[in-house]
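Coordinates as given in protein-v3.txt (compact mmCIF, C-alpha atoms and all ligand atoms):
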# COMPACT_ATOMS: atom_id res chain seq x y z
CA MET A 13 -6.10 132.22 196.19
CA LYS A 14 -9.85 132.20 195.90
CA LYS A 15 -9.62 131.63 192.16
CA THR A 16 -7.42 128.57 192.58
CA TYR A 17 -9.90 127.18 195.02
CA PHE A 18 -12.70 127.55 192.51
CA ILE A 19 -10.71 125.96 189.72
CA SER A 20 -9.85 122.95 191.79
CA THR A 21 -13.48 122.64 192.88
CA ALA A 22 -14.50 122.69 189.26
CA ALA A 23 -11.88 120.09 188.43
CA ILE A 24 -13.08 117.81 191.21
CA ALA A 25 -16.69 118.29 190.11
CA THR A 26 -15.75 117.41 186.52
CA LEU A 27 -13.89 114.35 187.68
CA GLY A 28 -16.90 113.39 189.79
CA VAL A 29 -19.23 113.68 186.81
CA ALA A 30 -16.81 111.73 184.63
CA LEU A 31 -16.69 108.96 187.23
CA LEU A 32 -20.46 108.88 187.41
CA PHE A 33 -20.71 108.08 183.75
CA TRP A 34 -17.67 105.85 183.56
CA GLN A 35 -18.95 102.64 185.05
CA PRO A 36 -16.73 99.80 183.92
CA TRP A 37 -18.62 97.29 186.10
CA GLN A 38 -21.70 97.95 184.01
CA SER A 39 -20.00 97.49 180.67
CA PRO A 40 -21.74 94.84 178.61
CA GLN A 41 -20.44 91.33 178.68
CA SER A 42 -18.63 90.33 175.55
CA HIS A 43 -21.41 88.07 174.25
CA ALA A 44 -23.84 90.96 174.22
CA LEU A 45 -21.51 93.04 172.10
CA LEU A 46 -22.03 90.84 169.10
CA VAL A 47 -24.11 93.28 167.15
CA THR A 48 -23.50 91.22 164.08
CA SER A 49 -22.10 92.95 161.04
CA GLN A 50 -23.29 90.31 158.58
CA ALA A 51 -26.97 90.22 157.73
CA PRO A 52 -28.94 88.05 160.15
CA THR A 53 -30.22 84.85 158.60
CA GLY A 54 -33.35 84.34 160.68
CA GLY A 55 -34.96 80.97 160.01
CA ASP A 56 -37.30 78.53 161.69
CA PHE A 57 -37.48 77.99 165.45
CA THR A 58 -39.55 76.09 167.98
CA LEU A 59 -40.44 77.41 171.43
CA GLU A 60 -43.14 77.04 174.05
CA GLY A 61 -46.37 78.79 173.10
CA GLU A 62 -49.91 78.98 174.39
CA HIS A 63 -50.74 75.48 173.09
CA GLY A 64 -47.37 73.83 173.66
CA LYS A 65 -44.57 73.64 171.13
CA THR A 66 -44.92 76.39 168.58
CA SER A 67 -42.76 76.88 165.51
CA LEU A 68 -42.34 79.69 163.06
CA HIS A 69 -43.38 77.31 160.26
CA ASP A 70 -46.78 76.90 161.98
CA TYR A 71 -47.43 80.41 160.67
CA ALA A 72 -46.40 79.70 157.07
CA GLY A 73 -48.62 81.70 154.74
CA ASN A 74 -48.72 84.54 157.26
CA ILE A 75 -46.55 87.57 157.54
CA VAL A 76 -44.89 87.38 160.95
CA LEU A 77 -43.74 90.40 162.89
CA LEU A 78 -41.29 89.05 165.43
CA TYR A 79 -40.24 91.06 168.46
CA PHE A 80 -37.82 90.18 171.25
CA GLY A 81 -39.00 91.70 174.53
CA TYR A 82 -40.12 90.93 178.06
CA THR A 83 -43.19 91.58 180.15
CA THR A 84 -41.62 93.74 182.87
CA CYS A 85 -40.12 95.98 180.19
CA PRO A 86 -41.29 99.38 181.36
CA ASP A 87 -41.18 101.51 178.25
CA ILE A 88 -39.47 100.24 175.11
CA CYS A 89 -41.57 97.10 174.58
CA PRO A 90 -44.90 98.83 175.30
CA THR A 91 -44.03 101.52 172.75
CA ASN A 92 -43.31 99.00 170.01
CA LEU A 93 -46.22 96.72 170.92
CA SER A 94 -48.68 99.61 170.95
CA ASN A 95 -47.42 100.71 167.52
CA LEU A 96 -47.84 97.15 166.25
CA SER A 97 -51.32 97.20 167.73
CA SER A 98 -52.08 100.42 165.90
CA ALA A 99 -50.92 98.77 162.66
CA MET A 100 -53.16 95.76 163.24
CA ARG A 101 -56.15 98.02 163.76
CA GLN A 102 -55.41 99.87 160.52
CA LEU A 103 -55.32 96.72 158.39
CA THR A 104 -58.42 95.38 156.67
CA ASP A 105 -59.92 92.18 158.06
CA GLY A 106 -58.53 90.27 155.07
CA GLU A 107 -55.04 91.62 155.61
CA ARG A 108 -55.14 91.09 159.35
CA ALA A 109 -55.98 87.43 158.87
CA LYS A 110 -52.58 87.01 157.20
CA VAL A 111 -50.51 88.78 159.87
CA GLN A 112 -49.18 87.38 163.13
CA VAL A 113 -47.29 89.31 165.80
CA LEU A 114 -45.04 87.11 167.96
CA MET A 115 -42.97 88.16 170.95
CA ILE A 116 -40.10 85.97 172.13
CA SER A 117 -39.23 86.68 175.76
CA VAL A 118 -35.65 87.77 176.39
CA ASP A 119 -36.30 87.24 180.10
CA PRO A 120 -37.09 83.50 180.18
CA GLU A 121 -36.15 83.35 183.86
CA ARG A 122 -39.10 85.51 184.88
CA ASP A 123 -41.50 85.29 181.96
CA THR A 124 -43.79 82.30 181.74
CA ILE A 125 -46.16 81.58 178.89
CA GLU A 126 -49.04 82.50 181.24
CA LYS A 127 -47.48 85.90 181.95
CA LEU A 128 -46.95 86.54 178.26
CA ASN A 129 -50.53 85.62 177.48
CA THR A 130 -51.86 87.98 180.14
CA TYR A 131 -49.62 90.78 178.96
CA LEU A 132 -49.86 90.63 175.17
CA PRO A 133 -53.65 90.69 174.64
CA TYR A 134 -53.70 94.11 176.30
CA PHE A 135 -52.09 95.37 173.10
CA HIS A 136 -54.01 93.19 170.66
CA PRO A 137 -55.98 89.97 171.18
CA SER A 138 -54.10 88.25 168.35
CA PHE A 139 -50.57 88.81 169.71
CA LYS A 140 -48.82 85.63 170.86
CA GLY A 141 -45.90 85.09 173.21
CA LEU A 142 -43.19 82.45 173.04
CA VAL A 143 -40.72 81.41 175.70
CA GLY A 144 -37.79 79.02 175.70
CA THR A 145 -34.78 78.11 177.79
CA PRO A 146 -32.08 80.78 178.06
CA GLU A 147 -29.99 78.72 175.59
CA GLN A 148 -32.76 78.37 173.01
CA THR A 149 -33.57 82.04 173.29
CA ALA A 150 -29.94 83.06 172.82
CA GLU A 151 -29.56 80.82 169.78
CA ILE A 152 -32.63 82.25 168.03
CA ALA A 153 -31.75 85.82 168.99
CA LYS A 154 -28.31 85.37 167.47
CA ARG A 155 -29.75 84.21 164.16
CA TYR A 156 -32.03 87.24 164.03
CA GLY A 157 -29.37 89.70 165.19
CA ALA A 158 -31.17 90.53 168.44
CA VAL A 159 -29.01 91.32 171.47
CA TYR A 160 -29.88 91.57 175.14
CA GLN A 161 -28.33 91.44 178.58
CA LYS A 162 -29.47 91.71 182.17
CA ALA A 163 -28.80 95.04 183.82
CA ALA A 164 -28.92 96.18 187.42
CA ILE A 165 -30.51 99.60 187.73
CA GLY A 166 -30.27 102.12 190.55
CA GLU A 167 -30.80 100.68 194.00
CA GLY A 168 -32.16 97.53 192.49
CA ALA A 169 -35.82 98.23 193.29
CA LEU A 170 -36.63 96.93 189.83
CA GLY A 171 -34.90 93.60 190.45
CA TYR A 172 -33.17 93.74 187.12
CA ALA A 173 -34.01 95.12 183.74
CA VAL A 174 -32.99 93.68 180.39
CA ASP A 175 -31.13 95.90 177.96
CA HIS A 176 -32.18 94.79 174.53
CA SER A 177 -32.21 95.66 170.88
CA ALA A 178 -35.70 96.70 169.90
CA PHE A 179 -36.08 95.71 166.28
CA THR A 180 -39.21 94.16 164.88
CA TYR A 181 -38.32 91.45 162.36
CA LEU A 182 -40.51 91.21 159.29
CA ILE A 183 -40.82 87.64 158.08
CA ASN A 184 -42.55 86.93 154.78
CA GLN A 185 -45.19 84.29 154.01
CA GLN A 186 -42.42 81.82 153.15
CA GLY A 187 -40.79 82.21 156.58
CA GLN A 188 -37.87 84.29 155.34
CA LEU A 189 -36.53 87.25 157.26
CA VAL A 190 -36.94 90.22 154.93
CA ALA A 191 -36.44 93.32 157.07
CA GLN A 192 -35.68 94.61 160.52
CA LEU A 193 -37.67 97.65 161.56
CA PRO A 194 -36.13 99.92 164.21
CA HIS A 195 -37.43 100.88 167.66
CA ALA A 196 -40.40 103.26 167.58
CA THR A 197 -41.39 102.37 164.01
CA THR A 198 -44.87 103.89 163.74
CA GLY A 199 -48.11 102.05 163.10
CA ASP A 200 -48.29 103.56 159.61
CA GLU A 201 -44.78 102.36 158.81
CA PHE A 202 -45.63 98.84 159.98
CA VAL A 203 -48.72 98.93 157.77
CA SER A 204 -46.67 99.89 154.70
CA ALA A 205 -44.10 97.20 155.45
CA ILE A 206 -46.83 94.57 155.85
CA ARG A 207 -48.61 95.66 152.67
CA SER A 208 -45.37 95.65 150.68
CA GLN A 209 -45.06 91.95 151.48
CA LEU A 210 -48.72 91.12 150.93
CA THR A 211 -48.77 92.62 147.46
CA LEU A 212 -45.68 90.69 146.41
CA LYS A 213 -47.67 87.52 146.40
CA MET B 244 -42.72 139.32 216.71
CA MET B 245 -43.00 141.28 213.47
CA THR B 246 -39.29 142.00 213.47
CA ARG B 247 -38.47 138.40 214.09
CA SER B 248 -40.51 137.04 211.21
CA LEU B 249 -39.14 139.76 208.97
CA LEU B 250 -35.63 138.76 209.96
CA THR B 251 -36.43 135.10 209.33
CA SER B 252 -37.77 135.77 205.87
CA LEU B 253 -34.76 137.95 205.05
CA LEU B 254 -32.42 135.18 206.13
CA LEU B 255 -34.41 132.64 204.19
CA ALA B 256 -34.35 134.79 201.08
CA SER B 257 -30.61 135.37 201.23
CA SER B 258 -29.88 131.71 201.84
CA LEU B 259 -31.80 130.81 198.70
CA SER B 260 -29.76 133.38 196.74
CA ALA B 261 -32.99 134.46 195.06
CA PHE B 262 -36.43 135.40 196.26
CA ALA B 263 -38.46 132.58 194.81
CA ALA B 264 -38.26 128.83 195.06
CA VAL B 265 -37.53 126.75 191.97
CA THR B 266 -41.17 125.64 191.98
CA ASP B 267 -42.08 129.20 190.98
CA LYS B 268 -39.67 129.25 188.06
CA VAL B 269 -40.29 125.90 186.47
CA LEU B 270 -43.60 125.25 184.75
CA VAL B 271 -44.81 121.69 184.40
CA SER B 272 -47.14 120.79 181.54
CA ASP B 273 -48.49 117.79 179.62
CA GLY B 274 -47.81 115.46 182.52
CA TYR B 275 -49.21 111.94 182.51
CA VAL B 276 -48.59 108.44 183.81
CA ARG B 277 -48.72 105.58 181.38
CA GLU B 278 -51.39 102.95 181.80
CA VAL B 279 -49.96 99.44 182.13
CA PRO B 280 -50.94 96.00 180.87
CA PRO B 281 -52.43 93.61 183.46
CA GLY B 282 -49.87 92.39 185.98
CA GLN B 283 -47.31 95.06 185.12
CA MET B 284 -45.86 96.48 188.35
CA VAL B 285 -43.95 99.41 186.90
CA SER B 286 -44.96 102.54 185.07
CA ALA B 287 -43.51 105.93 184.31
CA ALA B 288 -44.50 109.58 184.54
CA PHE B 289 -43.79 111.84 181.61
CA MET B 290 -44.03 115.64 181.35
CA THR B 291 -42.56 118.81 179.94
CA LEU B 292 -40.72 121.14 182.31
CA HIS B 293 -40.07 124.70 181.23
CA ASN B 294 -37.49 126.78 183.10
CA GLU B 295 -38.28 130.49 183.03
CA ASP B 296 -35.25 131.36 185.12
CA MET B 297 -31.79 132.50 184.05
CA ASP B 298 -30.19 129.63 185.95
CA ASP B 299 -30.38 125.92 185.29
CA HIS B 300 -32.48 123.94 187.71
CA LYS B 301 -32.65 120.27 188.54
CA ILE B 302 -35.11 117.67 189.68
CA ILE B 303 -33.19 115.75 192.32
CA SER B 304 -35.84 113.23 193.32
CA ALA B 305 -39.49 112.32 193.09
CA SER B 306 -41.98 110.41 195.17
CA SER B 307 -45.47 109.03 194.80
CA PRO B 308 -47.97 107.21 196.96
CA ALA B 309 -48.71 105.05 193.89
CA ALA B 310 -45.35 103.27 193.97
CA LYS B 311 -43.00 101.70 196.48
CA THR B 312 -39.97 103.30 194.84
CA VAL B 313 -39.65 106.25 192.52
CA GLU B 314 -36.45 106.79 190.52
CA LEU B 315 -35.23 109.23 187.89
CA HIS B 316 -34.32 107.33 184.73
CA THR B 317 -33.21 107.78 181.17
CA HIS B 318 -32.72 105.57 178.13
CA THR B 319 -29.58 105.43 176.08
CA HIS B 320 -29.03 103.64 172.82
CA GLU B 321 -25.72 101.78 172.96
CA ASN B 322 -24.22 98.76 171.22
CA GLY B 323 -27.52 98.29 169.41
CA MET B 324 -29.45 98.05 172.68
CA MET B 325 -31.88 100.33 174.45
CA LYS B 326 -30.61 100.73 177.98
CA MET B 327 -32.54 102.17 180.86
CA ARG B 328 -30.43 103.70 183.60
CA GLN B 329 -30.93 105.70 186.76
CA VAL B 330 -29.72 109.31 186.65
CA PRO B 331 -28.75 111.42 189.69
CA ASN B 332 -30.89 114.34 188.54
CA ILE B 333 -32.76 115.81 185.60
CA ASN B 334 -31.46 119.15 184.41
CA ILE B 335 -33.84 121.83 183.15
CA PRO B 336 -31.66 124.35 181.28
CA ALA B 337 -32.07 128.09 181.86
CA GLY B 338 -34.80 129.38 179.57
CA GLY B 339 -35.24 125.90 178.13
CA ASP B 340 -37.16 122.67 178.54
CA ALA B 341 -36.62 119.20 179.87
CA LEU B 342 -38.73 116.67 177.99
CA LEU B 343 -39.69 113.54 179.86
CA LYS B 344 -41.05 111.17 177.23
CA PRO B 345 -41.20 107.50 176.24
CA GLY B 346 -37.77 106.26 175.13
CA GLY B 347 -36.01 109.04 177.05
CA LEU B 348 -36.01 110.67 180.47
CA HIS B 349 -38.78 109.57 182.80
CA ILE B 350 -39.83 109.33 186.40
CA MET B 351 -40.03 105.62 187.01
CA LEU B 352 -42.71 104.25 189.32
CA ILE B 353 -41.51 100.89 190.62
CA GLY B 354 -43.73 98.51 192.54
CA LEU B 355 -47.13 100.03 191.88
CA THR B 356 -49.30 100.15 194.99
CA GLN B 357 -52.49 101.02 193.15
CA GLU B 358 -54.11 99.94 189.93
CA LEU B 359 -53.67 102.63 187.31
CA LYS B 360 -57.06 103.59 185.93
CA LYS B 361 -57.79 106.16 183.30
CA ASP B 362 -60.13 108.22 185.47
CA VAL B 363 -58.04 108.13 188.64
CA PRO B 364 -55.17 110.65 188.85
CA VAL B 365 -51.77 109.63 190.17
CA TYR B 366 -50.00 111.94 192.60
CA VAL B 367 -46.32 112.53 191.99
CA THR B 368 -44.19 115.02 193.91
CA ILE B 369 -40.99 116.29 192.36
CA LYS B 370 -38.20 117.83 194.39
CA TYR B 371 -35.82 120.47 193.05
CA GLU B 372 -32.22 121.18 194.03
CA ASP B 373 -33.27 123.91 196.49
CA GLY B 374 -35.47 121.44 198.35
CA SER B 375 -38.70 122.96 197.09
CA GLU B 376 -41.34 120.45 196.05
CA LYS B 377 -44.07 120.47 193.47
CA ALA B 378 -47.06 118.17 193.93
CA LEU B 379 -48.60 117.04 190.66
CA SER B 380 -51.83 115.26 189.96
CA LEU B 381 -51.27 113.38 186.72
CA PRO B 382 -53.85 111.72 184.50
CA VAL B 383 -53.36 108.11 183.46
CA LYS B 384 -53.08 107.77 179.69
CA GLY B 385 -53.62 104.68 177.62
CA MET B 386 -50.74 103.25 175.64
CA MET B 387 -52.21 103.86 172.26
CA PRO B 388 -51.82 107.66 171.93
CA ASN B 389 -49.06 107.03 169.37
CA ALA B 390 -51.67 105.51 167.12
CA MET B 391 -53.94 108.49 167.49
CA THR B 392 -51.32 111.13 166.83
CA ALA B 393 -49.75 109.28 163.92
CA HIS B 394 -52.02 111.16 161.51
CU CU A 401 -37.20 103.52 183.92
Take the structure in this file and express it as structure tokens.
Amino acid sequence: MKKTYFISTAAIATLGVALLFWQPWQSPQSHALLVTSQAPTGGDFTLEGEHGKTSLHDYAGNIVLLYFGYTTCPDICPTNLSNLSSAMRQLTDGERAKVQVLMISVDPERDTIEKLNTYLPYFHPSFKGLVGTPEQTAEIAKRYGAVYQKAAIGEGALGYAVDHSAFTYLINQQGQLVAQLPHATTGDEFVSAIRSQLTLK
Amino acid sequence: MMTRSLLTSLLLASSLSAFAAVTDKVLVSDGYVREVPPGQMVSAAFMTLHNEDMDDHKIISASSPAAKTVELHTHTHENGMMKMRQVPNINIPAGGDALLKPGGLHIMLIGLTQELKKDVPVYVTIKYEDGSEKALSLPVKGMMPNAMTAH
């Protein structure tokens, strides 16, 4: 009698736990599921920057490290940006002059160019932010293989967060996408990746 | 009077099914709160929790005067995206550790009510499943420690 009671309690508890983790209403929308299987093509783009319209080709001759993030990102973006900052500080002055870190906001509804330019220099004075319309942002993200979606979290105290892929895209001095470096790539690894491109020239 | 307080403590002890509160069995170390860029209104507390007990224990909530809302969060990596989600509790396995670290479990401070400065500690109180609470005074750490420990 007592044993049965315990078993059913356990069963209910298991079901409860299963329900907690099975949240169909939070499943990503179909567009966000397009983690593309073919290699992303990258390419040129134009968005709003500190001094108005800014394009990737404005940085021709530089190695560009492109990151898709947002300023209220609590953890993932700061980790990658601080590692990029560490890489910048490890480079020689000559090398650093040929490297540009750009962050495209995946939260164009809340991020303004002013916000980005208050946020990014904390990591490194040379980092630049870019912001576009939601449509422009989505189009560029798709070409680079970046995915993101708004997400409600907890009681909603955060407003919303943005789930996003956290790659850093390495673009060579000719503006071609050459590599995507995963989340939490270390400063040392960024340095090697940058140097591998610089020496090719 | 004596008898009464003795009775009370006996009752208390039996109701807890053990003689000590969870706060006495879980050791907290390496705790810190991450410094934030200007204008950032959220931060997170990270720490290592070691459970010396033979039973699992759980953090069920946390609070801090430094934030309007404090939530327990984790990150999962799904469909190519890093997703941050609230969790109902943080389990600290018997004899084991729970690691709260960037990219994983964390105590999220939402709506900061004070500027986070390196020399000013942040108070965070964690509550365990038995209702016992541990008040922590955590240092604020800059975001660049990764760079320093990379070597
Ligand atoms: Cu969080």
#### Entry: Interatomic distance, atom CA of B:Leu379 to atom CA of B:Tyr366 (Å, one decimal)
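Calculated distance between atom CA of B:Leu379 and atom CA of B:Tyr366 is 5.6 Å.
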Please report, as JSON lines, each residue of chain A lying at most 12 Å from ligand CU 401 (chain A), together with the nearest pair of atoms and the separation in Å rounded to one decimal; use all atoms listed in the file, and order rows by chain and ascending residue number.
{"residue": "A:Thr84", "atom": "CA", "partner": "A:CU401", "partner_atom": "CU", "distance": 10.8}
{"residue": "A:Cys85", "atom": "CA", "partner": "A:CU401", "partner_atom": "CU", "distance": 8.9}
{"residue": "A:Pro86", "atom": "CA", "partner": "A:CU401", "partner_atom": "CU", "distance": 6.4}
{"residue": "A:Asp87", "atom": "CA", "partner": "A:CU401", "partner_atom": "CU", "distance": 7.2}
{"residue": "A:Ile88", "atom": "CA", "partner": "A:CU401", "partner_atom": "CU", "distance": 9.7}
{"residue": "A:Ala163", "atom": "CA", "partner": "A:CU401", "partner_atom": "CU", "distance": 11.9}
{"residue": "A:Ala164", "atom": "CA", "partner": "A:CU401", "partner_atom": "CU", "distance": 11.6}
{"residue": "A:Ile165", "atom": "CA", "partner": "A:CU401", "partner_atom": "CU", "distance": 8.6}
{"residue": "A:Gly166", "atom": "CA", "partner": "A:CU401", "partner_atom": "CU", "distance": 9.7}
{"residue": "A:Gly168", "atom": "CA", "partner": "A:CU401", "partner_atom": "CU", "distance": 11.6}
{"residue": "A:Ala169", "atom": "CA", "partner": "A:CU401", "partner_atom": "CU", "distance": 10.8}
{"residue": "A:Leu170", "atom": "CA", "partner": "A:CU401", "partner_atom": "CU", "distance": 8.9}
{"residue": "A:Tyr172", "atom": "CA", "partner": "A:CU401", "partner_atom": "CU", "distance": 11.1}
{"residue": "A:Ala173", "atom": "CA", "partner": "A:CU401", "partner_atom": "CU", "distance": 9.0}
{"residue": "A:Val174", "atom": "CA", "partner": "A:CU401", "partner_atom": "CU", "distance": 11.3}
{"residue": "A:Asp175", "atom": "CA", "partner": "A:CU401", "partner_atom": "CU", "distance": 11.4}
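Nearest to chain A of all the residues B:Ala287, B:Leu359, B:Leu343, B:Val276 is B:Ala287, based on all atoms listed in the file.
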### Task
Could you please tell me, as a ChimeraX atom specification, which residues of chain A have an atom within 9 Å of chain B when using all atoms listed in the file?
/A:32,40,44-47,83-88,90-91,94-95,97-99,127,130-135,158-161,163-167,169-170,173-178,195-196,198-200
### Task
Using only C-alpha atoms, determine which residues lie at most 7 Å from A:Arg155, disregarding the query and same-chain residues fewer than 6 positions distant; provide the list as an MDAnalysis selection string.
chainID A and resid 52:54
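Ranking B:Ile333, B:Leu342, B:Val269, B:Lys361 by their shortest atom-to-atom distance to B:Ile302, with only C-alpha atoms included, puts B:Ile333 first.
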